[in-house]
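The file coords.txt contains compact mmCIF, C-alpha atoms:
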```txt
# COMPACT_ATOMS: atom_id res chain seq x y z
CA MET A 322 117.62 103.22 44.93
CA ALA A 323 120.98 101.64 45.62
CA ALA A 324 123.66 103.97 46.83
CA GLU A 325 126.53 104.73 44.51
CA PRO A 326 129.85 103.21 45.52
CA PRO A 327 131.43 105.38 48.18
CA PHE A 328 134.78 107.05 47.90
CA ALA A 329 137.86 104.92 48.43
CA PRO A 330 138.71 104.56 52.12
CA PRO A 331 141.38 106.84 53.59
CA GLY A 332 144.91 105.48 53.72
CA ASP A 333 147.67 106.26 56.17
CA LYS A 334 148.98 109.73 56.93
CA ASP A 335 151.41 109.72 54.04
CA ALA A 336 148.79 108.60 51.54
CA LEU A 337 146.34 111.18 52.83
CA GLU A 338 148.78 114.05 52.67
CA GLN A 339 150.94 113.20 49.70
CA GLY A 340 148.84 110.77 47.69
CA ALA A 341 147.07 111.43 44.43
CA GLY A 342 143.91 109.59 45.39
CA LEU A 343 140.79 111.34 46.61
CA THR A 344 139.91 109.63 49.90
CA PRO A 345 137.82 112.16 51.83
CA ARG A 346 137.55 111.71 55.57
CA PHE A 347 133.99 112.19 56.72
CA GLY A 348 133.50 112.75 60.44
CA PRO A 349 131.65 110.53 62.91
CA ASP A 350 128.48 112.26 61.72
CA GLY A 351 129.28 111.33 58.12
CA LEU A 352 129.99 114.92 57.16
CA ILE A 353 132.91 116.91 55.81
CA ALA A 354 133.25 120.69 56.06
CA ALA A 355 133.17 122.68 52.85
CA VAL A 356 134.01 126.32 52.37
CA ALA A 357 132.83 128.14 49.27
CA THR A 358 134.56 131.24 47.98
CA ASP A 359 133.62 133.50 45.10
CA ALA A 360 135.89 132.48 42.24
CA GLU A 361 136.21 136.07 41.08
CA THR A 362 136.55 138.06 44.28
CA GLY A 363 137.91 135.41 46.62
CA GLU A 364 135.35 136.35 49.25
CA VAL A 365 134.31 133.55 51.60
CA LEU A 366 130.63 133.05 50.85
CA MET A 367 129.65 130.25 53.23
CA LEU A 368 130.79 127.30 55.25
CA ALA A 369 128.58 124.25 55.01
CA TRP A 370 128.59 120.48 55.22
CA MET A 371 128.58 117.61 52.78
CA ASN A 372 127.86 113.94 53.22
CA ASP A 373 129.39 111.52 50.73
CA GLU A 374 126.47 111.88 48.34
CA ALA A 375 126.64 115.68 48.41
CA LEU A 376 130.36 115.60 47.65
CA ARG A 377 129.91 113.03 44.90
CA LEU A 378 127.11 115.03 43.28
CA THR A 379 129.13 118.24 43.55
CA LEU A 380 132.05 116.66 41.73
CA GLU A 381 129.90 114.88 39.15
CA THR A 382 127.57 117.74 38.28
CA GLY A 383 129.91 120.68 38.81
CA GLU A 384 127.25 122.32 41.00
CA ALA A 385 127.61 122.58 44.78
CA HIS A 386 125.48 120.22 46.83
CA TYR A 387 125.44 120.26 50.61
CA TRP A 388 123.90 118.42 53.51
CA SER A 389 121.63 120.52 55.67
CA ARG A 390 122.22 119.57 59.27
CA SER A 391 119.09 121.40 60.42
CA ARG A 392 116.81 119.90 57.78
CA ARG A 393 118.70 116.60 57.63
CA ALA A 394 118.46 116.63 53.86
CA LEU A 395 120.60 116.76 50.79
CA TRP A 396 120.51 120.20 49.31
CA ARG A 397 121.38 121.40 45.84
CA LYS A 398 122.43 124.96 46.55
CA GLY A 399 120.25 127.41 44.65
CA ALA A 400 117.58 124.88 43.70
CA THR A 401 114.89 127.24 44.94
CA SER A 402 116.74 130.57 45.15
CA GLY A 403 118.50 130.36 41.81
CA GLN A 404 121.81 130.92 43.61
CA ILE A 405 123.36 127.91 41.90
CA GLN A 406 127.06 127.56 42.67
CA THR A 407 128.99 126.41 39.62
CA VAL A 408 132.26 124.89 40.72
CA VAL A 409 135.27 126.47 39.05
CA GLU A 410 137.77 124.55 41.14
CA ALA A 411 137.51 122.06 44.02
CA ARG A 412 140.38 121.52 46.46
CA ILE A 413 140.89 119.27 49.45
CA ASP A 414 143.13 119.89 52.42
CA CYS A 415 146.17 118.06 53.74
CA ASP A 416 144.38 115.44 55.78
CA GLN A 417 141.40 115.33 53.43
CA ASP A 418 138.80 116.39 55.95
CA ALA A 419 137.87 119.75 54.43
CA VAL A 420 136.89 120.89 50.94
CA TRP A 421 137.35 124.29 49.32
CA LEU A 422 135.12 125.17 46.40
CA LYS A 423 135.78 128.19 44.23
CA VAL A 424 132.38 128.95 42.75
CA LYS A 425 130.60 131.20 40.32
CA VAL A 426 127.25 132.13 41.82
CA GLY A 427 124.08 132.26 39.75
CA GLY A 428 120.86 134.17 40.35
CA ASP A 429 121.42 137.43 42.17
CA GLY A 430 124.99 136.44 43.04
CA GLY A 431 124.32 135.92 46.71
CA ALA A 432 124.91 132.89 48.88
CA CYS A 433 123.14 133.59 52.15
CA HIS A 434 119.52 132.82 52.93
CA THR A 435 119.29 136.17 54.75
CA GLY A 436 119.76 137.98 51.46
CA ALA A 437 123.35 138.94 52.17
CA ARG A 438 125.90 138.21 49.50
CA SER A 439 128.13 136.27 51.92
CA CYS A 440 127.01 134.54 55.10
CA PHE A 441 129.88 136.31 56.83
CA TYR A 442 128.27 139.75 56.78
CA ARG A 443 129.29 140.69 60.33
CA VAL A 444 132.66 141.57 61.79
CA ILE A 445 133.43 140.54 65.37
CA GLU A 446 134.42 143.50 67.54
CA GLY A 447 134.93 142.33 71.10
CA ASP A 448 131.65 140.68 72.06
CA ARG A 449 129.70 142.71 69.52
CA LEU A 450 129.02 142.29 65.83
CA ALA A 451 129.14 145.04 63.24
CA ARG A 452 127.45 144.59 59.90
CA ARG A 453 129.76 145.59 57.10
CA MET B 471 142.58 127.81 87.07
CA ALA B 472 138.96 128.85 86.84
CA ALA B 473 137.54 129.08 83.36
CA GLU B 474 136.74 132.51 82.02
CA PRO B 475 133.04 133.25 81.67
CA PRO B 476 131.78 131.69 78.45
CA PHE B 477 130.21 133.59 75.61
CA ALA B 478 126.60 134.66 76.00
CA PRO B 479 124.18 131.90 75.03
CA PRO B 480 122.67 131.94 71.53
CA GLY B 481 119.28 133.58 71.16
CA ASP B 482 116.54 132.84 68.68
CA LYS B 483 116.96 132.80 64.92
CA ASP B 484 116.38 136.52 64.57
CA ALA B 485 118.88 137.39 67.29
CA LEU B 486 121.44 135.01 65.80
CA GLU B 487 121.12 136.35 62.30
CA GLN B 488 120.36 140.01 62.82
CA GLY B 489 121.59 140.72 66.32
CA ALA B 490 124.68 142.66 67.31
CA GLY B 491 125.73 140.26 70.07
CA LEU B 492 128.41 137.63 69.58
CA THR B 493 126.78 134.35 70.65
CA PRO B 494 128.76 131.62 68.90
CA ARG B 495 127.09 128.26 68.49
CA PHE B 496 129.49 125.49 69.36
CA GLY B 497 128.54 122.01 68.19
CA PRO B 498 127.72 118.97 70.33
CA ASP B 499 131.49 118.39 70.50
CA GLY B 500 131.99 121.93 71.82
CA LEU B 501 133.67 123.09 68.63
CA ILE B 502 133.07 125.69 65.96
CA ALA B 503 134.58 125.61 62.47
CA ALA B 504 137.04 128.34 61.56
CA VAL B 505 138.42 129.15 58.15
CA ALA B 506 141.57 131.24 57.85
CA THR B 507 142.39 133.19 54.72
CA ASP B 508 145.48 135.20 53.86
CA ALA B 509 144.51 138.82 54.46
CA GLU B 510 146.57 139.95 51.48
CA THR B 511 145.93 137.32 48.82
CA GLY B 512 142.56 136.01 49.98
CA GLU B 513 143.81 132.44 49.64
CA VAL B 514 142.16 129.92 51.95
CA LEU B 515 144.98 128.72 54.17
CA MET B 516 143.29 126.20 56.44
CA LEU B 517 140.08 125.03 58.01
CA ALA B 518 140.32 124.17 61.67
CA TRP B 519 138.34 124.03 64.89
CA MET B 520 137.96 126.16 67.97
CA ASN B 521 136.48 125.45 71.36
CA ASP B 522 135.23 128.38 73.41
CA GLU B 523 138.64 129.00 74.93
CA ALA B 524 140.37 129.00 71.54
CA LEU B 525 137.88 131.51 70.17
CA ARG B 526 138.14 133.68 73.27
CA LEU B 527 141.94 133.67 73.14
CA THR B 528 141.90 134.41 69.42
CA LEU B 529 139.72 137.46 69.95
CA GLU B 530 141.57 138.63 73.07
CA THR B 531 145.12 138.23 71.82
CA GLY B 532 144.62 138.89 68.11
CA GLU B 533 146.46 135.65 67.32
CA ALA B 534 144.69 132.56 66.03
CA HIS B 535 144.19 129.74 68.51
CA TYR B 536 142.60 126.44 67.56
CA TRP B 537 141.56 123.17 69.13
CA SER B 538 143.36 120.16 67.79
CA ARG B 539 140.88 117.32 67.48
CA SER B 540 143.63 114.75 67.00
CA ARG B 541 145.74 115.91 69.93
CA ARG B 542 142.75 117.04 71.99
CA ALA B 543 144.57 120.18 72.97
CA LEU B 544 144.39 123.91 72.68
CA TRP B 545 146.83 125.10 70.08
CA ARG B 546 148.30 128.55 69.50
CA LYS B 547 148.97 128.42 65.79
CA GLY B 548 152.65 128.97 65.09
CA ALA B 549 153.81 128.47 68.68
CA THR B 550 156.45 126.02 67.48
CA SER B 551 156.65 126.75 63.75
CA GLY B 552 156.68 130.52 63.98
CA GLN B 553 153.70 130.62 61.61
CA ILE B 554 151.77 132.89 63.95
CA GLN B 555 148.49 134.07 62.48
CA THR B 556 147.80 137.69 63.36
CA VAL B 557 144.11 138.38 62.97
CA VAL B 558 143.39 141.33 60.71
CA GLU B 559 139.64 140.76 60.78
CA ALA B 560 137.34 138.18 62.35
CA ARG B 561 133.88 137.48 60.98
CA ILE B 562 131.04 135.17 61.96
CA ASP B 563 128.37 133.71 59.74
CA CYS B 564 124.61 134.11 59.68
CA ASP B 565 123.74 131.45 62.23
CA GLN B 566 126.94 132.00 64.21
CA ASP B 567 128.34 128.51 63.80
CA ALA B 568 131.36 129.34 61.68
CA VAL B 569 134.19 131.87 61.96
CA TRP B 570 136.24 133.47 59.20
CA LEU B 571 139.63 134.89 60.12
CA LYS B 572 141.60 137.06 57.75
CA VAL B 573 145.16 136.64 58.94
CA LYS B 574 148.67 137.85 58.35
CA VAL B 575 150.99 134.86 58.62
CA GLY B 576 154.34 135.09 60.40
CA GLY B 577 157.43 132.94 60.01
CA ASP B 578 157.86 131.61 56.49
CA GLY B 579 154.32 132.67 55.57
CA GLY B 580 152.98 129.13 55.44
CA ALA B 581 150.07 127.59 57.28
CA CYS B 582 150.31 123.86 56.65
CA HIS B 583 152.29 121.38 58.72
CA THR B 584 153.32 119.67 55.46
CA GLY B 585 155.32 122.74 54.49
CA ALA B 586 152.80 123.92 51.92
CA ARG B 587 151.67 127.52 52.09
CA SER B 588 148.00 126.52 52.21
CA CYS B 589 146.60 123.22 53.42
CA PHE B 590 144.58 123.14 50.21
CA TYR B 591 147.53 122.33 47.93
CA ARG B 592 145.68 119.78 45.83
CA VAL B 593 142.96 120.20 43.24
CA ILE B 594 140.30 117.48 42.93
CA GLU B 595 140.09 116.07 39.40
CA GLY B 596 137.58 113.25 39.34
CA ASP B 597 138.80 110.80 41.96
CA ARG B 598 142.38 112.01 41.65
CA LEU B 599 144.28 114.87 43.22
CA ALA B 600 146.70 117.16 41.42
CA ARG B 601 149.19 119.22 43.36
CA ARG B 602 149.21 122.80 42.18
```
Go through the file and emit its structure as structure tokens.
Amino acid sequence: MAAEPPFAPPGDKDALEQGAGLTPRFGPDGLIAAVATDAETGEVLMLAWMNDEALRLTLETGEAHYWSRSRRALWRKGATSGQIQTVVEARIDCDQDAVWLKVKVGGDGGACHTGARSCFYRVIEGDRLARR
Amino acid sequence: MAAEPPFAPPGDKDALEQGAGLTPRFGPDGLIAAVATDAETGEVLMLAWMNDEALRLTLETGEAHYWSRSRRALWRKGATSGQIQTVVEARIDCDQDAVWLKVKVGGDGGACHTGARSCFYRVIEGDRLARR
């Protein structure tokens, strides 16, 4: 299957920061960082990665898609767990190399494969971690 | 100057996810992703990168330090702008390859070098960006 046309290429600093065109900057590995927060509570649920196809599908379908670096595969979040992330709002940062999704989570409302609601279920205290 | 001892090396999946030891997983480039949110409003302010020294300094001093990929330099956030980020809480995710800082922002309360409060000042609408 032929790939969809990619996003428009990034422009100069001014275009990136002040422009009205979406020109995401994927890294050398072809990925862009994406942070998902709960649209209702604001809690950070997860930080994951998208390739151009994952970002395109996220924007087209309104459901978060990511690229699994460990599995090296496109991943529709919640496809097996039911924890579908419906995108309420998608933002991009100043230099267009990070995405922020505000999402409504389906299924049991969680986002982490461990069963926790958020992947960030531990607080750093010195060199120790406390679960809370 | 001799480097400080690094963090303890990551253990297996169970230790990473369920353990009480901080063993951050830096990428092949030596960096870990860090998202900073406003401790009061919950707004995502920025997504940046830390090397081991930046993370160590952040945890030791209680002020956010990052690694600038473009300048290839350690960076104490706010050192010139006054937008110091005082860490109210630091969290790490399930597989210990991402950090979430809840911060109180000094100076004018902003986080973005463009003057915006958050780096995520544009909403994605199709292939266009709207500032709001």
Which polymer residues, protein or nucleic acid, are no farther than 8 Å from (152.1, 118.0, 55.0), counting all atoms listed in the file, as a ChimeraX atom specification? /A:338-339,415 /B:582-586,589
Write out as a CSV table (one decimal) with C-alpha atoms, keeping the file's coordinate frame every residue belonging to chain B that has an atom at most 10 Å from any atom of chain A, counting only C-alpha atoms.
```
chain,number,residue,atom,x,y,z
B,477,PHE,CA,130.2,133.6,75.6
B,478,ALA,CA,126.6,134.7,76.0
B,487,GLU,CA,121.1,136.4,62.3
B,488,GLN,CA,120.4,140.0,62.8
B,489,GLY,CA,121.6,140.7,66.3
B,490,ALA,CA,124.7,142.7,67.3
B,491,GLY,CA,125.7,140.3,70.1
B,492,LEU,CA,128.4,137.6,69.6
B,493,THR,CA,126.8,134.4,70.6
B,503,ALA,CA,134.6,125.6,62.5
B,504,ALA,CA,137.0,128.3,61.6
B,505,VAL,CA,138.4,129.2,58.2
B,506,ALA,CA,141.6,131.2,57.8
B,507,THR,CA,142.4,133.2,54.7
B,511,THR,CA,145.9,137.3,48.8
B,512,GLY,CA,142.6,136.0,50.0
B,513,GLU,CA,143.8,132.4,49.6
B,514,VAL,CA,142.2,129.9,52.0
B,515,LEU,CA,145.0,128.7,54.2
B,516,MET,CA,143.3,126.2,56.4
B,517,LEU,CA,140.1,125.0,58.0
B,518,ALA,CA,140.3,124.2,61.7
B,526,ARG,CA,138.1,133.7,73.3
B,529,LEU,CA,139.7,137.5,70.0
B,530,GLU,CA,141.6,138.6,73.1
B,559,GLU,CA,139.6,140.8,60.8
B,560,ALA,CA,137.3,138.2,62.4
B,561,ARG,CA,133.9,137.5,61.0
B,562,ILE,CA,131.0,135.2,62.0
B,563,ASP,CA,128.4,133.7,59.7
B,564,CYS,CA,124.6,134.1,59.7
B,565,ASP,CA,123.7,131.4,62.2
B,566,GLN,CA,126.9,132.0,64.2
B,567,ASP,CA,128.3,128.5,63.8
B,568,ALA,CA,131.4,129.3,61.7
B,569,VAL,CA,134.2,131.9,62.0
B,570,TRP,CA,136.2,133.5,59.2
B,571,LEU,CA,139.6,134.9,60.1
B,582,CYS,CA,150.3,123.9,56.6
B,583,HIS,CA,152.3,121.4,58.7
B,584,THR,CA,153.3,119.7,55.5
B,586,ALA,CA,152.8,123.9,51.9
B,588,SER,CA,148.0,126.5,52.2
B,589,CYS,CA,146.6,123.2,53.4
B,590,PHE,CA,144.6,123.1,50.2
B,591,TYR,CA,147.5,122.3,47.9
B,592,ARG,CA,145.7,119.8,45.8
B,593,VAL,CA,143.0,120.2,43.2
B,594,ILE,CA,140.3,117.5,42.9
B,595,GLU,CA,140.1,116.1,39.4
B,596,GLY,CA,137.6,113.2,39.3
B,597,ASP,CA,138.8,110.8,42.0
B,598,ARG,CA,142.4,112.0,41.6
B,599,LEU,CA,144.3,114.9,43.2
B,600,ALA,CA,146.7,117.2,41.4
B,601,ARG,CA,149.2,119.2,43.4
B,602,ARG,CA,149.2,122.8,42.2
```
Point-to-point distance in Å for CA of Gly579 in chain B and CA of Arg438 in chain A: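 So the two atoms, CA of Arg438 in chain A and CA of Gly579 in chain B, lie 29.6 Å apart.
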To one decimal in Å, tell me the separation between CA of Trp370 in chain A and CA of Tyr387 in chain A. 5.6 Å
A straight line from CA of His535 in chain B to CA of Glu523 in chain B spans 8.5 Å
If the box runs along x, y and z of the file and leaves 8 Å on each side of range 339-350 of chain A, what are its centre and edge lengths in Å, one decimal, as JSON?
```
{"center_x": 139.7, "center_y": 111.4, "center_z": 53.7, "size_x": 38.5, "size_y": 19.6, "size_z": 34.5}
```
Hey, which bits of range 563-585 of chain B sit within 10 Å of range 538-551 of chain B, and for each residue what's the closest pair of atoms and how far apart in Å (one decimal), counting all atoms listed in the file, rows by chain and increasing number, as CSV?
```
residue,atom,partner,partner_atom,distance
B:Val575,CA,B:Gly548,CA,8.9
B:Gly576,CA,B:Gly548,CA,7.9
B:Gly577,CA,B:Ser551,CA,7.3
B:Asp578,CA,B:Ser551,CA,8.8
B:Gly580,CA,B:Ser551,CA,9.4
B:Ala581,CA,B:Gly548,CA,8.3
B:Cys582,CA,B:Ser551,CA,9.9
B:His583,CA,B:Ser551,CA,8.6
```
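Using all atoms listed in the file, the smallest distance between any of A:Asp373, A:Glu361, A:Thr382, A:Asp333 and Phe347 in chain A comes from A:Asp373.
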Choose the residue, out of B:Pro494, B:Ile502, B:Leu486, B:Lys574, that has the smallest atom-to-atom separation from Glu533 in chain B; count all atoms listed in the file.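 Ranked by minimum distance to Glu533 in chain B, first place goes to B:Lys574.
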